[in-house]
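Engineer: Next up, start.txt (compact mmCIF, C-alpha atoms and all ligand atoms).
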# COMPACT_ATOMS: atom_id res chain seq x y z
CA MET A 99 -13.45 226.32 138.27
CA ALA A 100 -15.73 226.17 135.21
CA ARG A 101 -17.59 229.24 134.02
CA PRO A 102 -20.78 229.62 136.12
CA GLU A 103 -23.98 229.15 134.19
CA ARG A 104 -26.88 229.15 136.68
CA ILE A 105 -27.05 232.52 138.40
CA ALA A 106 -29.64 233.83 140.85
CA VAL A 107 -29.92 237.56 141.48
CA LEU A 108 -31.85 238.29 144.68
CA GLY A 109 -33.26 241.81 144.60
CA ALA A 110 -34.94 243.46 141.62
CA GLY A 111 -34.23 247.15 142.26
CA SER A 112 -32.14 249.37 139.95
CA TRP A 113 -28.86 247.55 140.34
CA GLY A 114 -30.11 244.01 140.83
CA THR A 115 -32.18 244.24 137.64
CA THR A 116 -29.35 245.87 135.71
CA PHE A 117 -26.73 243.38 136.87
CA ALA A 118 -29.11 240.51 136.00
CA LYS A 119 -29.33 241.99 132.50
CA VAL A 120 -25.52 242.11 132.28
CA LEU A 121 -25.30 238.45 133.35
CA ALA A 122 -28.00 237.42 130.88
CA ASP A 123 -26.34 239.40 128.08
CA ALA A 124 -23.11 237.55 128.95
CA GLY A 125 -24.86 234.28 128.13
CA ASN A 126 -25.71 232.89 131.56
CA ASP A 127 -28.95 231.29 132.71
CA VAL A 128 -30.20 234.00 135.06
CA VAL A 129 -33.19 234.10 137.41
CA LEU A 130 -34.04 237.40 139.12
CA TRP A 131 -35.92 237.33 142.44
CA ALA A 132 -38.31 240.20 143.19
CA ARG A 133 -39.99 240.44 146.58
CA ARG A 134 -43.21 241.69 144.95
CA ALA A 135 -44.95 239.17 142.68
CA GLU A 136 -46.21 241.91 140.36
CA VAL A 137 -42.64 243.02 139.61
CA ALA A 138 -41.67 239.46 138.62
CA GLU A 139 -44.82 239.08 136.52
CA ALA A 140 -44.19 242.37 134.70
CA ILE A 141 -40.60 241.39 133.93
CA ASN A 142 -41.70 238.02 132.54
CA GLY A 143 -44.67 239.50 130.68
CA SER A 144 -43.56 242.87 129.32
CA ARG A 145 -39.73 242.57 129.78
CA ARG A 146 -39.82 245.74 131.90
CA ASN A 147 -39.19 246.73 135.51
CA ALA A 148 -41.20 249.93 135.26
CA GLY A 149 -40.64 251.14 138.83
CA TYR A 150 -36.86 251.21 138.53
CA LEU A 151 -35.84 251.12 134.85
CA PRO A 152 -38.89 252.21 132.83
CA ASP A 153 -36.97 252.76 129.57
CA VAL A 154 -35.09 249.46 129.51
CA ARG A 155 -36.18 246.34 127.66
CA LEU A 156 -34.81 243.32 129.49
CA PRO A 157 -33.43 240.32 127.58
CA GLU A 158 -35.81 237.47 126.70
CA SER A 159 -33.48 235.01 128.43
CA LEU A 160 -33.87 236.75 131.82
CA ARG A 161 -36.55 235.07 133.96
CA ALA A 162 -38.03 236.56 137.13
CA THR A 163 -39.76 235.00 140.12
CA ASP A 164 -40.93 235.92 143.61
CA ASP A 165 -39.97 232.43 144.82
CA ALA A 166 -36.47 232.61 146.31
CA ALA A 167 -36.16 228.80 146.55
CA ALA A 168 -36.82 228.45 142.82
CA ALA A 169 -34.38 231.28 142.06
CA VAL A 170 -31.41 229.79 143.93
CA HIS A 171 -32.08 226.13 143.06
CA ASP A 172 -28.86 224.62 141.64
CA ALA A 173 -27.25 228.07 141.31
CA ASP A 174 -23.48 228.31 140.85
CA VAL A 175 -23.60 231.98 141.80
CA VAL A 176 -26.06 233.82 144.06
CA VAL A 177 -25.95 237.61 143.73
CA LEU A 178 -27.28 239.60 146.70
CA ALA A 179 -28.82 242.87 145.50
CA VAL A 180 -30.78 244.14 148.49
CA PRO A 181 -29.97 247.18 150.68
CA SER A 182 -27.06 246.87 153.14
CA GLN A 183 -29.19 247.34 156.22
CA THR A 184 -31.66 244.54 155.31
CA LEU A 185 -29.10 242.08 153.91
CA ARG A 186 -28.59 240.20 157.20
CA GLU A 187 -32.31 239.60 157.67
CA ASN A 188 -32.90 238.71 154.00
CA LEU A 189 -29.95 236.32 153.86
CA ALA A 190 -30.96 234.59 157.10
CA GLY A 191 -34.22 233.65 155.37
CA TRP A 192 -32.42 232.42 152.23
CA GLN A 193 -29.55 230.61 153.98
CA PRO A 194 -31.24 227.17 154.17
CA LEU A 195 -31.92 227.36 150.40
CA LEU A 196 -28.38 228.14 149.25
CA PRO A 197 -26.41 225.50 147.27
CA ALA A 198 -23.37 224.51 149.35
CA ASP A 199 -20.58 225.72 147.04
CA ALA A 200 -22.31 228.69 145.39
CA THR A 201 -20.28 231.89 145.13
CA LEU A 202 -22.17 234.55 147.11
CA VAL A 203 -21.79 237.97 145.51
CA SER A 204 -22.50 241.26 147.26
CA LEU A 205 -23.62 244.27 145.21
CA ALA A 206 -24.42 246.36 148.28
CA LYS A 207 -22.34 249.40 149.26
CA GLY A 208 -22.67 249.99 152.97
CA VAL A 209 -21.52 249.19 156.50
CA GLU A 210 -24.00 247.51 158.84
CA LEU A 211 -25.32 249.85 161.52
CA SER A 212 -25.52 247.55 164.52
CA THR A 213 -22.28 245.58 164.01
CA LEU A 214 -20.13 247.95 161.88
CA LYS A 215 -19.44 244.97 159.59
CA ARG A 216 -18.76 245.07 155.87
CA MET A 217 -21.24 243.22 153.66
CA SER A 218 -18.86 240.34 152.90
CA GLU A 219 -18.43 239.82 156.66
CA VAL A 220 -22.21 239.76 157.14
CA ILE A 221 -22.59 237.29 154.27
CA ALA A 222 -19.86 234.88 155.47
CA GLU A 223 -21.33 234.98 158.97
CA VAL A 224 -25.01 234.55 158.10
CA ALA A 225 -24.53 232.05 155.26
CA ASP A 226 -21.90 230.24 157.37
CA VAL A 227 -19.41 229.98 154.50
CA PRO A 228 -15.66 230.71 154.32
CA MET A 229 -14.72 234.22 153.19
CA GLU A 230 -13.18 232.67 150.03
CA GLN A 231 -16.73 231.89 148.87
CA VAL A 232 -17.82 235.53 149.04
CA ALA A 233 -17.26 238.05 146.24
CA VAL A 234 -17.99 241.74 145.81
CA VAL A 235 -18.76 243.70 142.64
CA SER A 236 -18.07 247.43 142.93
CA GLY A 237 -17.05 250.27 140.66
CA PRO A 238 -18.36 253.35 138.85
CA ASN A 239 -21.61 251.57 138.07
CA LEU A 240 -24.60 253.89 137.90
CA ALA A 241 -27.32 251.38 137.04
CA LYS A 242 -29.23 253.47 134.49
CA GLU A 243 -26.13 254.02 132.33
CA ILE A 244 -25.24 250.33 132.37
CA ALA A 245 -28.82 249.31 131.63
CA ALA A 246 -28.54 251.57 128.56
CA GLU A 247 -25.40 249.61 127.65
CA GLN A 248 -23.04 252.55 128.03
CA PRO A 249 -19.42 251.30 128.42
CA THR A 250 -18.34 250.77 132.03
CA ALA A 251 -15.59 249.03 133.97
CA THR A 252 -15.91 247.49 137.40
CA VAL A 253 -14.07 245.37 139.97
CA VAL A 254 -14.87 241.78 140.94
CA ALA A 255 -13.19 241.14 144.29
CA CYS A 256 -12.78 237.80 146.00
CA ALA A 257 -10.11 236.40 148.32
CA ASP A 258 -10.21 233.26 146.13
CA HIS A 259 -8.64 234.45 142.88
CA ASP A 260 -10.11 231.53 140.88
CA ARG A 261 -13.63 232.47 141.93
CA ALA A 262 -12.92 236.09 141.02
CA ILE A 263 -11.79 234.98 137.54
CA ALA A 264 -14.89 232.79 137.09
CA LEU A 265 -17.17 235.68 138.05
CA GLN A 266 -15.19 238.06 135.86
CA HIS A 267 -15.92 235.77 132.88
CA ALA A 268 -19.56 235.44 133.88
CA CYS A 269 -20.21 239.19 133.86
CA SER A 270 -18.10 240.32 130.90
CA THR A 271 -20.07 241.83 128.03
CA ARG A 272 -19.28 244.20 125.17
CA TYR A 273 -20.33 247.12 127.41
CA PHE A 274 -19.28 245.87 130.88
CA ARG A 275 -15.59 245.22 131.63
CA PRO A 276 -14.74 243.69 135.03
CA TYR A 277 -11.24 243.63 136.54
CA THR A 278 -10.33 241.25 139.38
CA ASN A 279 -8.98 242.19 142.80
CA THR A 280 -8.42 240.31 146.06
CA ASP A 281 -8.61 243.33 148.43
CA LEU A 282 -12.18 242.97 149.74
CA ILE A 283 -11.58 245.37 152.62
CA GLY A 284 -10.44 248.18 150.33
CA ILE A 285 -13.14 247.59 147.73
CA GLU A 286 -15.95 247.54 150.30
CA ILE A 287 -14.73 250.48 152.37
CA ALA A 288 -14.35 252.53 149.19
CA GLY A 289 -17.87 251.60 148.03
CA ALA A 290 -19.50 252.44 151.35
CA CYS A 291 -17.60 255.70 151.95
CA LYS A 292 -18.15 257.17 148.49
CA ASN A 293 -21.89 257.30 149.18
CA VAL A 294 -21.22 259.54 152.19
CA ILE A 295 -18.91 261.81 150.20
CA ALA A 296 -21.56 261.95 147.45
CA LEU A 297 -24.05 263.20 150.06
CA ALA A 298 -21.56 265.96 150.94
CA CYS A 299 -21.10 266.83 147.25
CA GLY A 300 -24.86 266.94 146.81
CA MET A 301 -25.11 269.34 149.74
CA ALA A 302 -22.47 271.51 148.09
CA VAL A 303 -24.50 271.58 144.86
CA GLY A 304 -27.64 272.40 146.84
CA LEU A 305 -25.81 275.29 148.49
CA GLY A 306 -24.91 276.62 145.03
CA PHE A 307 -21.21 275.74 145.05
CA GLY A 308 -19.33 274.71 141.90
CA HIS A 309 -16.65 272.34 140.72
CA ASN A 310 -13.82 273.57 142.95
CA THR A 311 -15.88 272.68 146.01
CA MET A 312 -16.87 269.31 144.55
CA SER A 313 -13.30 268.51 143.62
CA SER A 314 -12.05 269.50 147.08
CA LEU A 315 -14.66 267.24 148.71
CA ILE A 316 -13.84 264.36 146.37
CA THR A 317 -10.11 264.64 147.02
CA ARG A 318 -10.33 265.09 150.78
CA GLY A 319 -13.06 262.45 150.85
CA LEU A 320 -10.69 260.04 149.18
CA ALA A 321 -8.02 260.93 151.75
CA GLU A 322 -10.26 260.12 154.72
CA THR A 323 -11.62 256.98 153.03
CA THR A 324 -8.07 255.75 152.38
CA ARG A 325 -7.10 256.47 156.01
CA LEU A 326 -9.95 254.30 157.26
CA GLY A 327 -9.28 251.54 154.74
CA VAL A 328 -5.59 251.36 155.58
CA ALA A 329 -6.38 251.25 159.31
CA LEU A 330 -8.60 248.25 158.59
CA GLY A 331 -5.92 246.47 156.55
CA ALA A 332 -6.74 247.54 152.98
CA ASP A 333 -4.17 248.07 150.23
CA PRO A 334 -3.88 251.87 149.77
CA MET A 335 -3.60 251.38 145.98
CA THR A 336 -7.18 250.05 145.87
CA PHE A 337 -8.41 253.59 146.55
CA ALA A 338 -6.79 254.86 143.34
CA GLY A 339 -8.68 252.22 141.33
CA LEU A 340 -12.13 251.81 139.81
CA ALA A 341 -13.88 250.99 143.08
CA GLY A 342 -12.08 253.87 144.80
CA LEU A 343 -11.53 257.07 142.84
CA GLY A 344 -13.55 255.71 139.90
CA ASP A 345 -16.76 255.18 141.82
CA LEU A 346 -16.22 258.29 143.94
CA VAL A 347 -16.03 260.54 140.89
CA ALA A 348 -19.00 258.90 139.13
CA THR A 349 -21.23 259.11 142.18
CA CYS A 350 -20.23 262.59 143.30
CA MET A 351 -20.53 264.10 139.81
CA SER A 352 -23.67 262.42 138.49
CA PRO A 353 -27.21 263.70 138.97
CA LEU A 354 -28.22 260.01 138.53
CA SER A 355 -26.73 259.19 141.94
CA ARG A 356 -29.42 258.78 144.60
CA ASN A 357 -26.92 259.78 147.31
CA ARG A 358 -25.85 262.96 145.55
CA THR A 359 -29.48 263.83 144.80
CA PHE A 360 -30.40 263.23 148.44
CA GLY A 361 -27.58 265.51 149.59
CA GLU A 362 -28.64 268.18 147.11
CA ARG A 363 -32.11 268.23 148.63
CA LEU A 364 -30.62 268.66 152.11
CA GLY A 365 -28.36 271.41 150.77
CA ARG A 366 -31.43 273.23 149.44
CA GLY A 367 -32.94 273.18 152.91
CA GLU A 368 -35.19 270.13 152.80
CA THR A 369 -35.45 268.00 155.93
CA LEU A 370 -34.32 264.37 156.09
CA ALA A 371 -37.97 263.29 155.97
CA GLN A 372 -38.66 265.42 152.88
CA ALA A 373 -35.60 264.08 151.07
CA GLN A 374 -36.57 260.53 152.04
CA GLU A 375 -40.09 261.01 150.69
CA ALA A 376 -38.72 262.33 147.39
CA ALA A 377 -36.54 259.22 147.02
CA HIS A 378 -39.70 257.08 146.55
CA GLY A 379 -38.30 254.17 148.53
CA GLN A 380 -35.05 253.96 146.54
CA VAL A 381 -32.09 253.44 148.79
CA SER A 382 -29.50 256.18 149.55
CA GLU A 383 -27.07 254.01 151.47
CA GLY A 384 -24.90 256.88 152.73
CA VAL A 385 -27.67 258.24 154.95
CA LYS A 386 -27.28 255.24 157.24
CA SER A 387 -23.67 254.32 156.51
CA CYS A 388 -22.45 257.80 157.50
CA SER A 389 -23.25 256.77 161.09
CA SER A 390 -21.71 253.28 160.97
CA ILE A 391 -18.60 254.51 159.14
CA ARG A 392 -18.19 257.35 161.66
CA GLN A 393 -18.37 254.82 164.48
CA LEU A 394 -15.93 252.49 162.73
CA ALA A 395 -13.52 255.40 162.28
CA ALA A 396 -13.81 256.33 165.96
CA ARG A 397 -13.16 252.72 166.95
CA HIS A 398 -9.90 252.77 164.95
CA GLY A 399 -8.86 256.30 165.88
CA VAL A 400 -9.24 257.58 162.30
CA GLU A 401 -10.24 261.19 161.59
CA MET A 402 -13.06 261.49 159.01
CA PRO A 403 -14.22 265.11 159.16
CA ILE A 404 -16.47 265.02 156.07
CA THR A 405 -18.19 261.83 157.21
CA ASP A 406 -18.61 263.37 160.65
CA VAL A 407 -20.43 266.46 159.38
CA VAL A 408 -22.57 264.41 156.96
CA HIS A 409 -23.69 262.28 159.92
CA ARG A 410 -24.48 265.39 161.97
CA VAL A 411 -26.44 267.00 159.09
CA CYS A 412 -28.44 263.81 158.51
CA HIS A 413 -29.07 262.87 162.11
CA GLU A 414 -28.23 265.67 164.56
CA GLY A 415 -29.75 268.79 163.03
CA LEU A 416 -26.55 270.47 161.78
CA GLN A 417 -27.34 272.63 158.73
CA PRO A 418 -25.31 272.17 155.51
CA GLY A 419 -24.08 275.81 155.44
CA PRO A 420 -22.55 275.73 158.94
CA ALA A 421 -21.23 272.21 158.15
CA ALA A 422 -19.28 273.62 155.19
CA ALA A 423 -17.98 276.48 157.37
CA GLU A 424 -16.90 273.99 160.00
CA LEU A 425 -14.88 271.97 157.47
CA LEU A 426 -13.18 275.12 156.18
CA GLY A 427 -12.45 276.34 159.70
CA ARG A 428 -10.60 273.23 160.80
CA GLU A 429 -7.03 273.51 162.04
CA ARG A 430 -4.66 274.27 159.14
CA LYS A 431 -2.29 271.43 158.23
CA PRO A 432 -0.05 270.05 155.47
CA GLU A 433 -1.74 267.97 152.76
N1 LIG A 501 -28.37 251.68 141.66
C1 LIG A 501 -27.10 251.72 141.39
O1 LIG A 501 -26.69 252.40 140.45
C2 LIG A 501 -26.13 250.91 142.20
C3 LIG A 501 -26.45 250.43 143.45
N2 LIG A 501 -25.53 249.75 144.18
C4 LIG A 501 -25.85 249.20 145.50
O2 LIG A 501 -26.70 248.08 145.31
C5 LIG A 501 -27.54 247.93 146.46
C6 LIG A 501 -28.98 247.80 145.98
O3 LIG A 501 -29.27 249.03 145.36
P1 LIG A 501 -30.38 249.26 144.27
O4 LIG A 501 -30.76 248.05 143.54
O5 LIG A 501 -29.90 250.40 143.48
O6 LIG A 501 -31.54 249.73 145.25
P2 LIG A 501 -33.03 250.08 144.90
O7 LIG A 501 -33.50 251.01 145.95
O8 LIG A 501 -33.13 250.47 143.47
O9 LIG A 501 -33.76 248.66 145.08
C7 LIG A 501 -33.73 247.98 146.30
C8 LIG A 501 -34.23 246.57 146.06
O10 LIG A 501 -34.22 245.88 147.33
C9 LIG A 501 -35.56 245.51 147.65
N3 LIG A 501 -35.74 245.69 149.07
C10 LIG A 501 -35.84 246.83 149.78
N4 LIG A 501 -36.01 246.56 151.08
C11 LIG A 501 -36.04 245.22 151.17
C12 LIG A 501 -36.22 244.33 152.25
N5 LIG A 501 -36.40 244.74 153.49
N6 LIG A 501 -36.20 243.01 151.96
C13 LIG A 501 -36.02 242.56 150.72
N7 LIG A 501 -35.86 243.35 149.66
C14 LIG A 501 -35.87 244.66 149.90
C15 LIG A 501 -36.47 246.42 146.85
O11 LIG A 501 -37.72 245.76 146.67
P3 LIG A 501 -39.07 246.62 146.38
O12 LIG A 501 -38.96 247.13 144.99
O13 LIG A 501 -40.12 245.61 146.55
O14 LIG A 501 -39.09 247.73 147.42
C16 LIG A 501 -35.66 246.51 145.56
O15 LIG A 501 -35.82 245.37 144.78
C17 LIG A 501 -27.28 249.15 147.36
O16 LIG A 501 -26.40 248.80 148.37
C18 LIG A 501 -26.61 250.14 146.41
O17 LIG A 501 -25.71 250.99 147.10
C19 LIG A 501 -24.29 249.49 143.70
C20 LIG A 501 -23.93 249.92 142.45
C21 LIG A 501 -24.81 250.66 141.60
O1 LIG A 502 -23.07 252.98 143.54
C1 LIG A 502 -23.48 253.65 142.62
C2 LIG A 502 -22.68 253.94 141.42
O2 LIG A 502 -21.53 253.18 141.38
C3 LIG A 502 -24.86 254.22 142.69
O3 LIG A 502 -24.86 255.29 143.53
P1 LIG A 502 -26.22 255.80 144.20
O4 LIG A 502 -26.65 254.69 145.13
O5 LIG A 502 -25.87 257.05 144.88
O6 LIG A 502 -27.21 255.99 143.08
Just dump the structure as structure tokens.
Structural biologist:
Amino acid sequence: MARPERIAVLGAGSWGTTFAKVLADAGNDVVLWARRAEVAEAINGSRRNAGYLPDVRLPESLRATDDAAAAVHDADVVVLAVPSQTLRENLAGWQPLLPADATLVSLAKGVELSTLKRMSEVIAEVADVPMEQVAVVSGPNLAKEIAAEQPTATVVACADHDRAIALQHACSTRYFRPYTNTDLIGIEIAGACKNVIALACGMAVGLGFGHNTMSSLITRGLAETTRLGVALGADPMTFAGLAGLGDLVATCMSPLSRNRTFGERLGRGETLAQAQEAAHGQVSEGVKSCSSIRQLAARHGVEMPITDVVHRVCHEGLQPGPAAAELLGRERKPE
């Protein structure tokens, strides 16, 4: 497969805009779709997406539009950069516009609430394409750092290795280094679960706890994530990689993470509504995915105690302090 040149990125939030910049910097012809016309106009006029990345000047070669048909016309690659829980509805609207052989790339890190499906499953189903046509990009990829061109690695996963290689070439820059992988299940489960563990780490920070607590949550979070992934058919080694441990550490440790910040607010005693208001519409995927992942775990008989308490703090009124005590009071066992 030749190197893709026409790329549409659908969704102009933090990560969609940043990934579009990466693709443009890598030399591709990139069109970014924004659902609000004023966002597209500002990007074309002032080279800025002020609502999400106020300090970043976007490349001249990056064009924006609010017309999805124009964005995807003749595209070799269509990147989906909208929140997990709206992806199905968004993609259903775009499906008739999609070029038949385009690689469909998911940037979203979540598990669908109603169906408990991973994003690649939703995409293959709604776009009515074989799974080999769907790819996932996931790793320790905090958008603001990448937009500032700080060095980062990531994983490009696709069941079709040739497509993964083509996409790897398309998004390689001097500051962004993608590795390929064919384990979509592992990559997507890792990406969705780390947001939930980051909520727990944020709660720990909000409660005033330090690095030992964070490290314990990260490590036991990785254990429960790996258990779920393996039950679903993932390669356990994926969880030791960039999209597993790599992303988990970046998200749990960084104040730039929306999930960690959200958890920190809950840990300080704010309500879900207060934390949501403070997020100014930016997505904290773990708040919803904690429920779908918990259900998925129950369906497969997998124990996920951290995910369970995060769900109950977010949605059932459990307070972060008693949640921490509950985790510590669990039955003692070997590691
Ligand atoms: N930010 C990051 O560092 C990273 C994020 N991700 C993942 O990428 C995905 C997108 O995140 P990110 O870009 O950060 O999110 P943001 O909250 O920054 O942006 C969300 C984007 O989706 C649009 N949007 C929101 N709701 C809808 C809807 N109902 N229909 C169509 N468009 C909608 C928003 O448009 P509008 O502005 O008009 O509201 C905005 O362009 C998430 O799954 C996230 O977990 C993955 C790696 C890194
Ligand atoms: O996925 C991310 C980093 O890899 C971004 O995490 P947040 O959505 O928590 O900001």
Engineer: Skip segment 229-235 of chain A itself and residues of its chain fewer than 4 positions away, then list as a count of residues only all residues within 6 Å of it, counting all atoms listed in the file.
Structural biologist: 12
Engineer: Write out as a PDB file with C-alpha atoms, keeping the file's coordinate frame each polymer residue whose atoms come within 7 Å of segment 388-403 of chain A, counting only C-alpha atoms; drop sequence neighbours fewer than 2 positions from it.
Structural biologist:
ATOM      1  CA  VAL A 209     -21.520 249.190 156.500  1.00  0.00           C
ATOM      2  CA  GLU A 210     -24.000 247.510 158.840  1.00  0.00           C
ATOM      3  CA  LEU A 211     -25.320 249.850 161.520  1.00  0.00           C
ATOM      4  CA  LEU A 214     -20.130 247.950 161.880  1.00  0.00           C
ATOM      5  CA  VAL A 294     -21.220 259.540 152.190  1.00  0.00           C
ATOM      6  CA  GLU A 322     -10.260 260.120 154.720  1.00  0.00           C
ATOM      7  CA  ARG A 325      -7.100 256.470 156.010  1.00  0.00           C
ATOM      8  CA  LEU A 326      -9.950 254.300 157.260  1.00  0.00           C
ATOM      9  CA  ALA A 329      -6.380 251.250 159.310  1.00  0.00           C
ATOM     10  CA  GLY A 384     -24.900 256.880 152.730  1.00  0.00           C
ATOM     11  CA  VAL A 385     -27.670 258.240 154.950  1.00  0.00           C
ATOM     12  CA  LYS A 386     -27.280 255.240 157.240  1.00  0.00           C
ATOM     13  CA  THR A 405     -18.190 261.830 157.210  1.00  0.00           C
ATOM     14  CA  ASP A 406     -18.610 263.370 160.650  1.00  0.00           C
ATOM     15  CA  VAL A 407     -20.430 266.460 159.380  1.00  0.00           C
ATOM     16  CA  VAL A 408     -22.570 264.410 156.960  1.00  0.00           C
ATOM     17  CA  HIS A 409     -23.690 262.280 159.920  1.00  0.00           C
TER      18      HIS A 409
END
Engineer: Which residues of segment 226-284 of chain A sit at most 12 Å from segment 356-370 of chain A, using only C-alpha atoms? Give each one's shortest atom pair and distance in Å (one decimal place), in chain and ascending residue order, as JSON lines.
Structural biologist:
{"residue": "A:Leu240", "atom": "CA", "partner": "A:Arg356", "partner_atom": "CA", "distance": 9.6}
{"residue": "A:Ala241", "atom": "CA", "partner": "A:Arg356", "partner_atom": "CA", "distance": 10.8}
{"residue": "A:Lys242", "atom": "CA", "partner": "A:Arg356", "partner_atom": "CA", "distance": 11.4}
Engineer: Please save C-alpha atoms of the selected residues as a short mmCIF file (atom, residue, chain, number, x, y, z; two decimals), keeping the file's coordinate frame.
Structural biologist:
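Output saved as again_15.cif:
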data_model
loop_
_atom_site.label_atom_id
_atom_site.label_comp_id
_atom_site.auth_asym_id
_atom_site.auth_seq_id
_atom_site.Cartn_x
_atom_site.Cartn_y
_atom_site.Cartn_z
CA LEU A 240 -24.60 253.89 137.90
CA ALA A 241 -27.32 251.38 137.04
CA LYS A 242 -29.23 253.47 134.49
#
Engineer: Select the residues contacting ligand LIG 502 (chain A) at a distance of at most 10 Å, based on all atoms listed in the file, then format the selection as an MDAnalysis selection string.
Structural biologist: chainID A and resid 112:113 181 205:208 235:243 252 289:290 292:297 340:341 344:350 352:361 380:384
Engineer: If I take atom N1 of ligand LIG 501 (chain A) and atom CA of Ser313 of chain A, how far is one from the other in Å, to one decimal?
Structural biologist: 22.7 Å
Engineer: Can you tell me how far atom CA of Glu424 of chain A sits from atom CA of Ala373 of chain A, in Å to one decimal?
Structural biologist: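 Computed distance, atom CA of Glu424 of chain A to atom CA of Ala373 of chain A, equals 23.0 Å.
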Engineer: If you measure from atom CA of Leu160 of chain A to atom CA of Ser182 of chain A, what distance in Å do you get, rounded to one decimal?
Structural biologist: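 Separation between atom CA of Leu160 of chain A and atom CA of Ser182 of chain A: 24.6 Å.
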Engineer: Find the residues around Ala167 of chain A up to 9 Å (all atoms listed in the file counted), leave out those fewer than 5 positions away in its own chain, and share them as a list of chain:residue names.
Structural biologist: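 The contact residues come out as A:Trp192, A:Leu195, A:Leu196.
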Engineer: Please tell me which residues are no farther than 10 Å from (-34.0, 237.2, 138.0) in the file, counting only C-alpha atoms, and write them as a PyMOL selection string.
Structural biologist: chain A and resi 105-110+114-115+117-119+121-122+127-132+138+141-142+159-164+166+169-170+177
Engineer: Pick out the closest residue to ligand LIG 501 (chain A) from this set: A:Ala124, A:Leu426, A:Val224, A:Ala190. Count all atoms listed in the file.
Structural biologist: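 With all atoms listed in the file as the atom set, the closest residue is A:Ala190.
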Engineer: Considering only C-alpha atoms and all ligand atoms, can you say which of A:Glu223, A:Glu286, A:Glu158, A:Asp172 comes closest to ligand LIG 501 (chain A)?
Structural biologist: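 Looking only at the distances to ligand LIG 501 (chain A), the closest residue turns out to be A:Glu286.
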Engineer: Go through A:Leu189, A:Met301, A:Ala140, A:Leu282 and flag the residue nearest ligand LIG 501 (chain A), using only C-alpha atoms and all ligand atoms for the distances.
Structural biologist: A:Leu189
Engineer: Let me make sure I understand: among A:Ala423, A:Ala135, A:Ile285, A:Leu315, which one has the smallest atom-to-atom distance to Arg216 of chain A if we use all atoms listed in the file?
Structural biologist: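 Smallest separation from Arg216 of chain A among the options: A:Ile285.
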Engineer: Of the residues A:Glu247, A:Glu375, A:Glu136, A:Asp333, which is the one nearest to Asn279 of chain A, using only C-alpha atoms?
Structural biologist: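 Once distances to Asn279 of chain A are computed over only C-alpha atoms, the minimum belongs to A:Asp333.
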Engineer: Smallest atom-to-atom distance to Ala251 of chain A: which of A:Arg275, A:Ala179, A:His171, A:Ser270, using all atoms listed in the file?
Structural biologist: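 For Ala251 of chain A, the nearest of the candidates is A:Arg275.
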Engineer: Can you list, as a PyMOL selection string, every protein, DNA or RNA residue that comes within 8 Å of Val120 of chain A when you count all atoms listed in the file, leaving out same-chain residues fewer than 6 positions away?
Structural biologist: chain A and resi 245+269-271+274
